[in-house]
$ cat my_file.txt   # compact mmCIF, C-alpha atoms
# COMPACT_ATOMS: atom_id res chain seq x y z
CA MET A 1 -25.62 -251.21 -49.02
CA LEU A 2 -22.83 -251.07 -46.44
CA TYR A 3 -22.62 -247.55 -44.98
CA ALA A 4 -24.13 -244.10 -45.46
CA THR A 5 -23.41 -242.28 -48.71
CA THR A 6 -23.54 -238.83 -47.08
CA SER A 7 -20.11 -237.77 -45.84
CA PRO A 8 -19.64 -236.75 -42.19
CA ALA A 9 -18.83 -233.19 -43.28
CA GLU A 10 -22.05 -232.97 -45.27
CA LYS A 11 -24.08 -234.41 -42.40
CA ARG A 12 -22.67 -231.71 -40.14
CA ARG A 13 -23.41 -228.96 -42.64
CA LEU A 14 -26.99 -230.10 -43.16
CA PHE A 15 -27.49 -230.51 -39.41
CA ARG A 16 -26.32 -226.95 -38.79
CA GLU A 17 -28.74 -225.69 -41.45
CA ARG A 18 -31.66 -227.49 -39.84
CA LEU A 19 -30.66 -226.30 -36.38
CA ALA A 20 -30.55 -222.71 -37.60
CA THR A 21 -34.24 -222.83 -38.58
CA GLY A 22 -35.26 -222.92 -34.91
CA GLU A 23 -37.53 -225.92 -35.40
CA LEU A 24 -37.56 -228.80 -32.93
CA LEU A 25 -35.34 -231.68 -34.08
CA ARG A 26 -36.07 -235.19 -32.77
CA PHE A 27 -33.13 -237.44 -31.87
CA PRO A 28 -34.10 -240.86 -30.46
CA GLY A 29 -31.27 -242.82 -28.88
CA ALA A 30 -29.76 -245.69 -30.88
CA PHE A 31 -28.25 -248.55 -28.90
CA ASN A 32 -26.67 -250.16 -31.96
CA PRO A 33 -26.19 -249.51 -35.69
CA LEU A 34 -29.37 -251.34 -36.65
CA THR A 35 -31.56 -249.12 -34.49
CA ALA A 36 -29.88 -246.06 -36.03
CA ARG A 37 -31.05 -247.27 -39.42
CA LEU A 38 -34.54 -247.85 -38.02
CA ILE A 39 -34.63 -244.32 -36.59
CA GLU A 40 -33.81 -242.97 -40.05
CA ARG A 41 -36.46 -245.12 -41.72
CA LYS A 42 -39.12 -243.86 -39.34
CA GLY A 43 -38.48 -240.27 -40.36
CA PHE A 44 -36.66 -238.77 -37.38
CA ASP A 45 -34.19 -235.91 -37.67
CA GLY A 46 -31.11 -237.42 -36.11
CA VAL A 47 -29.61 -240.12 -33.91
CA TYR A 48 -28.49 -239.69 -30.32
CA ILE A 49 -25.82 -241.93 -28.79
CA SER A 50 -26.12 -242.03 -25.02
CA GLY A 51 -23.23 -242.59 -22.65
CA ALA A 52 -25.61 -244.42 -20.33
CA VAL A 53 -26.58 -246.76 -23.17
CA LEU A 54 -22.98 -247.40 -24.20
CA SER A 55 -22.18 -248.24 -20.57
CA ALA A 56 -25.25 -250.45 -20.16
CA ASP A 57 -24.44 -252.28 -23.39
CA LEU A 58 -21.17 -253.30 -21.71
CA GLY A 59 -22.99 -254.28 -18.52
CA LEU A 60 -21.58 -251.26 -16.67
CA PRO A 61 -23.21 -248.42 -14.73
CA ASP A 62 -23.12 -244.88 -16.09
CA ILE A 63 -20.39 -243.57 -13.78
CA GLY A 64 -17.62 -242.73 -16.22
CA LEU A 65 -16.15 -246.22 -16.66
CA THR A 66 -16.16 -246.22 -20.45
CA THR A 67 -13.08 -244.97 -22.28
CA LEU A 68 -12.70 -242.58 -25.20
CA SER A 69 -11.67 -245.47 -27.46
CA GLU A 70 -14.79 -247.45 -26.57
CA VAL A 71 -17.13 -244.49 -27.06
CA ALA A 72 -15.52 -243.31 -30.31
CA GLY A 73 -15.41 -246.82 -31.74
CA ARG A 74 -19.02 -247.68 -31.00
CA SER A 75 -20.18 -244.22 -32.09
CA LYS A 76 -18.44 -244.67 -35.43
CA GLN A 77 -20.23 -247.96 -35.99
CA ILE A 78 -23.58 -246.29 -35.31
CA ALA A 79 -23.00 -243.00 -37.15
CA ARG A 80 -21.77 -244.56 -40.39
CA MET A 81 -24.91 -246.69 -40.74
CA THR A 82 -27.29 -243.76 -41.26
CA GLU A 83 -27.63 -240.69 -43.45
CA LEU A 84 -28.79 -238.78 -40.36
CA PRO A 85 -26.52 -236.68 -38.16
CA ALA A 86 -25.49 -238.39 -34.93
CA ILE A 87 -24.54 -236.63 -31.71
CA VAL A 88 -22.82 -238.45 -28.86
CA ASP A 89 -22.53 -238.07 -25.12
CA ALA A 90 -18.85 -237.54 -24.27
CA ASP A 91 -19.39 -237.31 -20.50
CA THR A 92 -16.77 -234.97 -18.98
CA GLY A 93 -14.47 -235.23 -22.01
CA PHE A 94 -12.43 -238.15 -20.63
CA GLY A 95 -9.98 -236.11 -18.62
CA GLU A 96 -8.36 -232.71 -18.38
CA PRO A 97 -8.65 -230.01 -21.10
CA MET A 98 -6.00 -231.65 -23.30
CA ASN A 99 -7.97 -234.91 -23.10
CA VAL A 100 -11.10 -232.99 -24.05
CA ALA A 101 -9.28 -231.65 -27.11
CA ARG A 102 -8.31 -235.15 -28.19
CA THR A 103 -11.87 -236.33 -27.59
CA ILE A 104 -13.23 -233.77 -30.05
CA GLN A 105 -10.85 -234.77 -32.81
CA GLU A 106 -11.45 -238.48 -32.24
CA LEU A 107 -15.21 -237.93 -32.50
CA GLU A 108 -14.79 -235.84 -35.64
CA ASP A 109 -12.78 -238.67 -37.17
CA ALA A 110 -15.48 -241.14 -36.11
CA GLY A 111 -18.03 -239.29 -38.23
CA LEU A 112 -20.12 -237.67 -35.52
CA ALA A 113 -22.03 -234.45 -36.13
CA GLY A 114 -21.53 -233.19 -32.59
CA THR A 115 -21.09 -233.98 -28.93
CA HIS A 116 -21.75 -232.58 -25.47
CA ILE A 117 -19.31 -232.11 -22.61
CA GLU A 118 -20.67 -231.82 -19.09
CA ASP A 119 -19.60 -230.03 -15.93
CA GLN A 120 -19.75 -232.91 -13.47
CA VAL A 121 -16.93 -234.06 -11.22
CA ASN A 122 -15.34 -237.40 -12.08
CA PRO A 123 -16.46 -240.08 -11.43
CA LYS A 124 -19.70 -238.73 -12.90
CA ARG A 125 -23.24 -239.94 -12.27
CA CYS A 126 -26.28 -240.33 -14.46
CA GLY A 127 -27.76 -236.85 -14.82
CA HIS A 128 -31.04 -237.83 -13.18
CA LEU A 129 -29.60 -239.41 -10.03
CA ASP A 130 -29.16 -237.71 -6.69
CA GLY A 131 -25.77 -236.90 -5.21
CA LYS A 132 -24.19 -235.29 -8.26
CA GLN A 133 -21.28 -232.90 -7.92
CA VAL A 134 -20.24 -230.25 -10.40
CA VAL A 135 -16.88 -228.65 -11.02
CA ASP A 136 -16.23 -224.96 -10.43
CA GLU A 137 -17.08 -222.58 -13.24
CA GLN A 138 -13.52 -222.04 -14.47
CA THR A 139 -12.96 -225.79 -14.85
CA ALA A 140 -16.22 -226.11 -16.79
CA LEU A 141 -15.25 -223.23 -19.08
CA LYS A 142 -11.78 -224.65 -19.71
CA ARG A 143 -13.35 -227.89 -20.96
CA ILE A 144 -15.49 -226.03 -23.48
CA ARG A 145 -12.68 -223.73 -24.60
CA ALA A 146 -10.45 -226.76 -25.15
CA ALA A 147 -13.17 -228.43 -27.20
CA VAL A 148 -13.71 -225.36 -29.36
CA ASP A 149 -9.98 -224.81 -29.90
CA ALA A 150 -9.48 -228.46 -30.95
CA ARG A 151 -12.32 -228.54 -33.46
CA ARG A 152 -11.20 -228.73 -37.10
CA ASP A 153 -14.61 -228.75 -38.79
CA PRO A 154 -16.47 -225.57 -37.77
CA ASN A 155 -19.78 -227.37 -38.33
CA PHE A 156 -19.01 -229.98 -35.66
CA LEU A 157 -21.48 -229.05 -32.89
CA ILE A 158 -19.95 -228.54 -29.44
CA MET A 159 -22.67 -228.54 -26.84
CA ALA A 160 -22.15 -227.74 -23.17
CA ARG A 161 -24.19 -229.75 -20.70
CA THR A 162 -24.66 -228.36 -17.21
CA ASP A 163 -25.84 -230.47 -14.28
CA ILE A 164 -25.77 -227.61 -11.80
CA ARG A 165 -29.59 -227.27 -11.61
CA ALA A 166 -29.80 -230.29 -9.30
CA VAL A 167 -26.99 -228.96 -7.10
CA ASP A 168 -27.49 -225.19 -6.81
CA GLY A 169 -30.83 -224.47 -8.47
CA LEU A 170 -32.21 -222.92 -11.64
CA ASP A 171 -30.58 -219.49 -11.28
CA ALA A 172 -27.16 -221.11 -11.04
CA ALA A 173 -27.95 -223.20 -14.13
CA ILE A 174 -28.87 -220.08 -16.09
CA ASP A 175 -25.73 -218.25 -14.98
CA ARG A 176 -23.54 -221.18 -15.94
CA ALA A 177 -25.29 -221.62 -19.29
CA LYS A 178 -24.54 -218.00 -20.14
CA ALA A 179 -20.89 -218.42 -19.18
CA LEU A 180 -20.60 -221.60 -21.25
CA VAL A 181 -21.98 -219.81 -24.29
CA ASP A 182 -19.46 -217.01 -23.75
CA ALA A 183 -16.75 -219.70 -23.67
CA GLY A 184 -17.77 -220.83 -27.15
CA ALA A 185 -20.48 -223.47 -26.71
CA ASP A 186 -22.66 -223.82 -29.81
CA ALA A 187 -25.62 -225.15 -27.81
CA ILE A 188 -26.69 -225.76 -24.22
CA PHE A 189 -27.96 -228.98 -22.64
CA PRO A 190 -29.56 -228.01 -19.30
CA GLU A 191 -29.87 -231.35 -17.53
CA ALA A 192 -32.70 -232.39 -15.19
CA MET A 193 -35.00 -229.42 -15.66
CA ARG A 194 -38.12 -229.84 -13.55
CA ASP A 195 -40.83 -228.30 -15.73
CA LEU A 196 -41.52 -226.42 -18.94
CA ASN A 197 -41.03 -223.07 -17.24
CA GLU A 198 -37.45 -223.99 -16.47
CA PHE A 199 -36.74 -224.91 -20.08
CA GLU A 200 -38.35 -221.63 -21.11
CA ALA A 201 -36.19 -219.69 -18.66
CA VAL A 202 -33.01 -221.20 -20.11
CA ARG A 203 -34.30 -220.50 -23.61
CA ARG A 204 -34.76 -216.81 -22.78
CA ALA A 205 -31.31 -216.58 -21.18
CA VAL A 206 -29.16 -217.78 -24.10
CA ASP A 207 -29.15 -217.15 -27.82
CA VAL A 208 -27.96 -220.61 -28.90
CA PRO A 209 -30.00 -223.81 -29.38
CA ILE A 210 -31.01 -225.76 -26.28
CA LEU A 211 -31.63 -229.48 -25.82
CA ALA A 212 -34.24 -231.27 -23.69
CA ASN A 213 -33.60 -234.72 -22.30
CA MET A 214 -36.82 -236.74 -22.12
CA THR A 215 -35.42 -239.78 -20.36
CA GLU A 216 -37.92 -241.95 -18.54
CA PHE A 217 -37.96 -242.37 -14.75
CA GLY A 218 -35.90 -239.20 -14.26
CA LYS A 219 -36.27 -235.74 -12.78
CA SER A 220 -38.02 -234.16 -15.76
CA GLU A 221 -41.65 -234.64 -16.68
CA LEU A 222 -42.07 -236.38 -20.05
CA PHE A 223 -43.26 -233.50 -22.20
CA THR A 224 -44.55 -233.92 -25.74
CA THR A 225 -42.70 -232.57 -28.73
CA GLU A 226 -45.44 -229.98 -29.14
CA GLN A 227 -44.95 -228.75 -25.57
CA LEU A 228 -41.19 -228.52 -25.96
CA ALA A 229 -41.47 -226.71 -29.27
CA SER A 230 -43.85 -224.21 -27.69
CA VAL A 231 -41.12 -223.01 -25.29
CA GLY A 232 -38.39 -222.88 -27.93
CA VAL A 233 -36.49 -226.12 -27.37
CA ASN A 234 -34.42 -226.99 -30.46
CA ILE A 235 -33.40 -230.62 -29.91
CA VAL A 236 -35.14 -233.34 -27.92
CA ILE A 237 -33.53 -236.68 -27.10
CA TRP A 238 -34.98 -239.94 -25.80
CA PRO A 239 -31.60 -241.43 -24.90
CA VAL A 240 -32.41 -244.82 -23.35
CA SER A 241 -35.98 -245.42 -24.53
CA LEU A 242 -35.30 -247.94 -27.29
CA LEU A 243 -32.88 -249.90 -25.11
CA ARG A 244 -35.45 -250.02 -22.31
CA MET A 245 -38.13 -251.22 -24.73
CA ALA A 246 -35.86 -253.87 -26.23
CA VAL A 247 -34.53 -255.22 -22.92
CA GLY A 248 -38.04 -255.22 -21.44
CA ALA A 249 -39.24 -257.31 -24.38
CA ALA A 250 -36.25 -259.63 -24.08
CA GLU A 251 -36.94 -260.17 -20.38
CA ARG A 252 -40.57 -261.05 -21.09
CA ALA A 253 -39.49 -263.46 -23.83
CA LEU A 254 -37.09 -265.25 -21.48
CA ASP A 255 -39.85 -265.52 -18.86
CA THR A 256 -42.10 -267.08 -21.48
CA LEU A 257 -39.40 -269.59 -22.42
CA ASN A 258 -39.02 -270.54 -18.76
CA GLU A 259 -42.75 -270.89 -18.26
CA VAL A 260 -43.95 -272.39 -21.56
CA GLY A 261 -40.85 -273.66 -23.35
CA THR A 262 -41.63 -271.97 -26.68
CA LEU A 263 -41.97 -268.46 -28.07
CA SER A 264 -44.80 -269.25 -30.47
CA SER A 265 -47.11 -266.94 -28.50
CA LYS A 266 -44.68 -264.05 -29.00
CA LEU A 267 -44.35 -264.19 -32.79
CA GLY A 268 -46.72 -261.24 -33.23
CA GLU A 269 -44.41 -259.07 -31.10
CA MET A 270 -41.27 -259.89 -33.06
CA GLN A 271 -39.81 -258.12 -36.06
CA HIS A 272 -40.40 -260.50 -38.96
CA ARG A 273 -37.39 -261.93 -40.72
CA ALA A 274 -38.53 -260.27 -43.96
CA ASP A 275 -38.64 -256.86 -42.26
CA LEU A 276 -35.15 -257.37 -40.82
CA TYR A 277 -33.78 -258.34 -44.22
CA ASP A 278 -35.40 -255.27 -45.75
CA LEU A 279 -33.93 -253.00 -43.07
CA ILE A 280 -30.39 -254.30 -43.61
CA ASP A 281 -30.84 -254.33 -47.42
CA TYR A 282 -30.20 -258.04 -47.78
CA GLU A 283 -31.35 -257.89 -51.40
CA GLY A 284 -28.78 -255.21 -52.22
CA TYR A 285 -25.95 -257.33 -50.87
CA ASN A 286 -27.22 -260.36 -52.74
CA HIS A 287 -27.43 -258.40 -56.00
CA PHE A 288 -23.89 -257.07 -55.51
CA ASP A 289 -22.58 -260.55 -54.78
CA ASN A 290 -24.21 -262.01 -57.89
CA SER A 291 -23.04 -259.13 -60.09
CA VAL A 292 -19.43 -259.62 -59.04
CA TYR A 293 -19.12 -263.38 -58.70
CA THR A 294 -20.50 -264.49 -62.05
CA PHE A 295 -17.53 -266.48 -63.32
CA ARG A 296 -17.35 -270.21 -63.64
CA ILE A 297 -14.40 -272.48 -63.09
CA GLU A 298 -14.04 -274.70 -66.13
CA LYS A 299 -13.02 -278.29 -65.53
$ encode --input "my_file.txt" --output "structure tokens"
Amino acid sequence: MLYATTSPAEKRRLFRERLATGELLRFPGAFNPLTARLIERKGFDGVYISGAVLSADLGLPDIGLTTLSEVAGRSKQIARMTELPAIVDADTGFGEPMNVARTIQELEDAGLAGTHIEDQVNPKRCGHLDGKQVVDEQTALKRIRAAVDARRDPNFLIMARTDIRAVDGLDAAIDRAKALVDAGADAIFPEAMRDLNEFEAVRRAVDVPILANMTEFGKSELFTTEQLASVGVNIVIWPVSLLRMAVGAAERALDTLNEVGTLSSKLGEMQHRADLYDLIDYEGYNHFDNSVYTFRIEK
């Protein structure tokens, strides 16, 4: 009932233990607290909170328009609803190094298990669009150093994302990944890798966990978890998949309403009310309510 019973500190500790095993951890993207709970129920390892999804949920493009307060607030709502660790996309850290430092502490307070900071120029672009620009190496390193220095819980995962592959090629991405690790990054998110060989090359170059982004309609081929595990990837995310599925279904439902005037033909595609009530533990709330409010007012 209500929120997770596992504390944020314990989630971080357990996440670090799992990450240290070298196994591949699966983090589907949650677009709201309810989907975070569903991800947990289906047996996944963690919850990913995408900046693109948070922007889209507000009807905005993923170009750095969301604020730290918006991201931290929504992330808290999602993270507290599940026993799983949640990691969030913090874009470029919402400003200069001091802003990055504040971002880390706000996300710690929001109950996140980790975040990633990228090396794009503001205003940023979705990592799988053309025309990206990246900052110089020293600026990228300052962001990561600021994040590491600001961290209060040593188990809070600070991941460095680099978008330089699409700008200057794979060799540049490997060089920057190494420098980011030297600056203190706990993990590397090499964005928009083209094939498995590129993921494998990054894996060989650094001795920290790496993340693969399996977003649809992007630059990377959609590899299976088995393929990614075979080249040593440690975390895989599907950041926008559930949102795309949900909005696609919603669009088809609205078309059906326009065409037929009823959704009776779509009932088999819907989550049943009983399943929704089970997912949100309606019975638990009802039992709590009855156990507390058992008095009578005598007339």
$ closest_residue --input "my_file.txt" --among "A:Gly59, A:Pro85, A:Pro239, A:Gly51" --to "A:Glu17" --atoms "only C-alpha atoms"
A:Pro85
$ axis_aligned_box --input "my_file.txt" --around "stretch 270-274 of chain A" --padding-each-side "3 Å" --output "lines of an AutoDock Vina configuration file"
center_x = -39.3
center_y = -260.0
center_z = -38.5
size_x = 9.9
size_y = 9.8
size_z = 16.9
$ closest_residue --input "my_file.txt" --among "A:Ala113, A:Leu222, A:Ala79, A:Lys124" --to "A:Ile63" --atoms "all atoms listed in the file"
A:Lys124
$ closest_residue --input "my_file.txt" --among "A:Asp136, A:Asp168, A:Glu108, A:Glu70" --to "A:Ile87" --atoms "only C-alpha atoms"
A:Glu108
$ residues_around --input "my_file.txt" --residues "A:Ala185" --least-positions-apart "6" --cutoff "6 Å" --atoms "all atoms listed in the file" --output "list of chain:residue names"
A:Ile158, A:Met159, A:Ala160
$ write_last_selection --input "my_file.txt" --atoms "C-alpha atoms" --output "short mmCIF file (atom, residue, chain, number, x, y, z; two decimals), in the frame of the given file"
data_model
loop_
_atom_site.label_atom_id
_atom_site.label_comp_id
_atom_site.auth_asym_id
_atom_site.auth_seq_id
_atom_site.Cartn_x
_atom_site.Cartn_y
_atom_site.Cartn_z
CA ILE A 158 -19.95 -228.54 -29.44
CA MET A 159 -22.67 -228.54 -26.84
CA ALA A 160 -22.15 -227.74 -23.17
#
$ atom_distance --input "my_file.txt" --atom1 "atom CA of A:Ile78" --atom2 "atom CA of A:Asp62"
19.3 Å
$ closest_residue --input "my_file.txt" --among "A:Ala179, A:Ala173, A:Ile49, A:Met193" --to "A:Ile144" --atoms "only C-alpha atoms"
A:Ala179
$ atom_distance --input "my_file.txt" --atom1 "atom CA of A:Leu263" --atom2 "atom CA of A:Asp275"
18.6 Å
$ residues_around --input "my_file.txt" --residues "A:Val181" --least-positions-apart "5" --cutoff "10 Å" --atoms "all atoms listed in the file" --output "PDB file with C-alpha atoms, in the frame of the given file"
ATOM      1  CA  LEU A 141     -15.250-223.230 -19.080  1.00  0.00           C
ATOM      2  CA  ILE A 144     -15.490-226.030 -23.480  1.00  0.00           C
ATOM      3  CA  MET A 159     -22.670-228.540 -26.840  1.00  0.00           C
ATOM      4  CA  ALA A 160     -22.150-227.740 -23.170  1.00  0.00           C
ATOM      5  CA  ARG A 176     -23.540-221.180 -15.940  1.00  0.00           C
ATOM      6  CA  ASP A 186     -22.660-223.820 -29.810  1.00  0.00           C
ATOM      7  CA  ALA A 187     -25.620-225.150 -27.810  1.00  0.00           C
ATOM      8  CA  ILE A 188     -26.690-225.760 -24.220  1.00  0.00           C
ATOM      9  CA  VAL A 206     -29.160-217.780 -24.100  1.00  0.00           C
ATOM     10  CA  ASP A 207     -29.150-217.150 -27.820  1.00  0.00           C
ATOM     11  CA  VAL A 208     -27.960-220.610 -28.900  1.00  0.00           C
TER      12      VAL A 208
END
$ atom_distance --input "my_file.txt" --atom1 "atom CA of A:Gly184" --atom2 "atom CA of A:Arg204"
18.0 Å
$ residues_around --input "my_file.txt" --residues "A:Thr5" --least-positions-apart "6" --cutoff "10 Å" --atoms "all atoms listed in the file" --output "PDB file with C-alpha atoms, in the coordinates of the input"
ATOM      1  CA  ARG A  80     -21.770-244.560 -40.390  1.00  0.00           C
ATOM      2  CA  MET A  81     -24.910-246.690 -40.740  1.00  0.00           C
ATOM      3  CA  THR A  82     -27.290-243.760 -41.260  1.00  0.00           C
ATOM      4  CA  GLU A  83     -27.630-240.690 -43.450  1.00  0.00           C
TER       5      GLU A  83
END
$ residues_near_point --input "my_file.txt" --point "(-28.8, -238.3, -31.6)" --cutoff "12 Å" --atoms "all atoms listed in the file" --output "PyMOL selection string"
chain A and resi 15+25-31+35-36+39-40+44-51+75+78-79+82+84-89+112-116+157+211-213+235-240
$ write_last_selection --input "my_file.txt" --atoms "C-alpha atoms" --output "mmCIF file, in the coordinates of the input"
data_model
loop_
_atom_site.group_PDB
_atom_site.id
_atom_site.type_symbol
_atom_site.label_atom_id
_atom_site.label_comp_id
_atom_site.auth_asym_id
_atom_site.auth_seq_id
_atom_site.Cartn_x
_atom_site.Cartn_y
_atom_site.Cartn_z
ATOM 1 C CA PHE A 15 -27.490 -230.510 -39.410
ATOM 2 C CA LEU A 25 -35.340 -231.680 -34.080
ATOM 3 C CA ARG A 26 -36.070 -235.190 -32.770
ATOM 4 C CA PHE A 27 -33.130 -237.440 -31.870
ATOM 5 C CA PRO A 28 -34.100 -240.860 -30.460
ATOM 6 C CA GLY A 29 -31.270 -242.820 -28.880
ATOM 7 C CA ALA A 30 -29.760 -245.690 -30.880
ATOM 8 C CA PHE A 31 -28.250 -248.550 -28.900
ATOM 9 C CA THR A 35 -31.560 -249.120 -34.490
ATOM 10 C CA ALA A 36 -29.880 -246.060 -36.030
ATOM 11 C CA ILE A 39 -34.630 -244.320 -36.590
ATOM 12 C CA GLU A 40 -33.810 -242.970 -40.050
ATOM 13 C CA PHE A 44 -36.660 -238.770 -37.380
ATOM 14 C CA ASP A 45 -34.190 -235.910 -37.670
ATOM 15 C CA GLY A 46 -31.110 -237.420 -36.110
ATOM 16 C CA VAL A 47 -29.610 -240.120 -33.910
ATOM 17 C CA TYR A 48 -28.490 -239.690 -30.320
ATOM 18 C CA ILE A 49 -25.820 -241.930 -28.790
ATOM 19 C CA SER A 50 -26.120 -242.030 -25.020
ATOM 20 C CA GLY A 51 -23.230 -242.590 -22.650
ATOM 21 C CA SER A 75 -20.180 -244.220 -32.090
ATOM 22 C CA ILE A 78 -23.580 -246.290 -35.310
ATOM 23 C CA ALA A 79 -23.000 -243.000 -37.150
ATOM 24 C CA THR A 82 -27.290 -243.760 -41.260
ATOM 25 C CA LEU A 84 -28.790 -238.780 -40.360
ATOM 26 C CA PRO A 85 -26.520 -236.680 -38.160
ATOM 27 C CA ALA A 86 -25.490 -238.390 -34.930
ATOM 28 C CA ILE A 87 -24.540 -236.630 -31.710
ATOM 29 C CA VAL A 88 -22.820 -238.450 -28.860
ATOM 30 C CA ASP A 89 -22.530 -238.070 -25.120
ATOM 31 C CA LEU A 112 -20.120 -237.670 -35.520
ATOM 32 C CA ALA A 113 -22.030 -234.450 -36.130
ATOM 33 C CA GLY A 114 -21.530 -233.190 -32.590
ATOM 34 C CA THR A 115 -21.090 -233.980 -28.930
ATOM 35 C CA HIS A 116 -21.750 -232.580 -25.470
ATOM 36 C CA LEU A 157 -21.480 -229.050 -32.890
ATOM 37 C CA LEU A 211 -31.630 -229.480 -25.820
ATOM 38 C CA ALA A 212 -34.240 -231.270 -23.690
ATOM 39 C CA ASN A 213 -33.600 -234.720 -22.300
ATOM 40 C CA ILE A 235 -33.400 -230.620 -29.910
ATOM 41 C CA VAL A 236 -35.140 -233.340 -27.920
ATOM 42 C CA ILE A 237 -33.530 -236.680 -27.100
ATOM 43 C CA TRP A 238 -34.980 -239.940 -25.800
ATOM 44 C CA PRO A 239 -31.600 -241.430 -24.900
ATOM 45 C CA VAL A 240 -32.410 -244.820 -23.350
#
$ residues_around --input "my_file.txt" --residues "A:Ala101" --least-positions-apart "2" --cutoff "10 Å" --atoms "all atoms listed in the file" --output "PyMOL selection string"
chain A and resi 93-99+103-106+143-151
$ write_last_selection --input "my_file.txt" --atoms "C-alpha atoms" --output "compact mmCIF listing (two decimals), in the coordinates of the input"
# COMPACT_ATOMS: atom_id res chain seq x y z
CA GLY A 93 -14.47 -235.23 -22.01
CA PHE A 94 -12.43 -238.15 -20.63
CA GLY A 95 -9.98 -236.11 -18.62
CA GLU A 96 -8.36 -232.71 -18.38
CA PRO A 97 -8.65 -230.01 -21.10
CA MET A 98 -6.00 -231.65 -23.30
CA ASN A 99 -7.97 -234.91 -23.10
CA THR A 103 -11.87 -236.33 -27.59
CA ILE A 104 -13.23 -233.77 -30.05
CA GLN A 105 -10.85 -234.77 -32.81
CA GLU A 106 -11.45 -238.48 -32.24
CA ARG A 143 -13.35 -227.89 -20.96
CA ILE A 144 -15.49 -226.03 -23.48
CA ARG A 145 -12.68 -223.73 -24.60
CA ALA A 146 -10.45 -226.76 -25.15
CA ALA A 147 -13.17 -228.43 -27.20
CA VAL A 148 -13.71 -225.36 -29.36
CA ASP A 149 -9.98 -224.81 -29.90
CA ALA A 150 -9.48 -228.46 -30.95
CA ARG A 151 -12.32 -228.54 -33.46
$ residues_around --input "my_file.txt" --residues "A:Ser220" --least-positions-apart "5" --cutoff "9 Å" --atoms "only C-alpha atoms" --output "VMD selection string"
chain A and resid 128 191 to 195 213 to 215
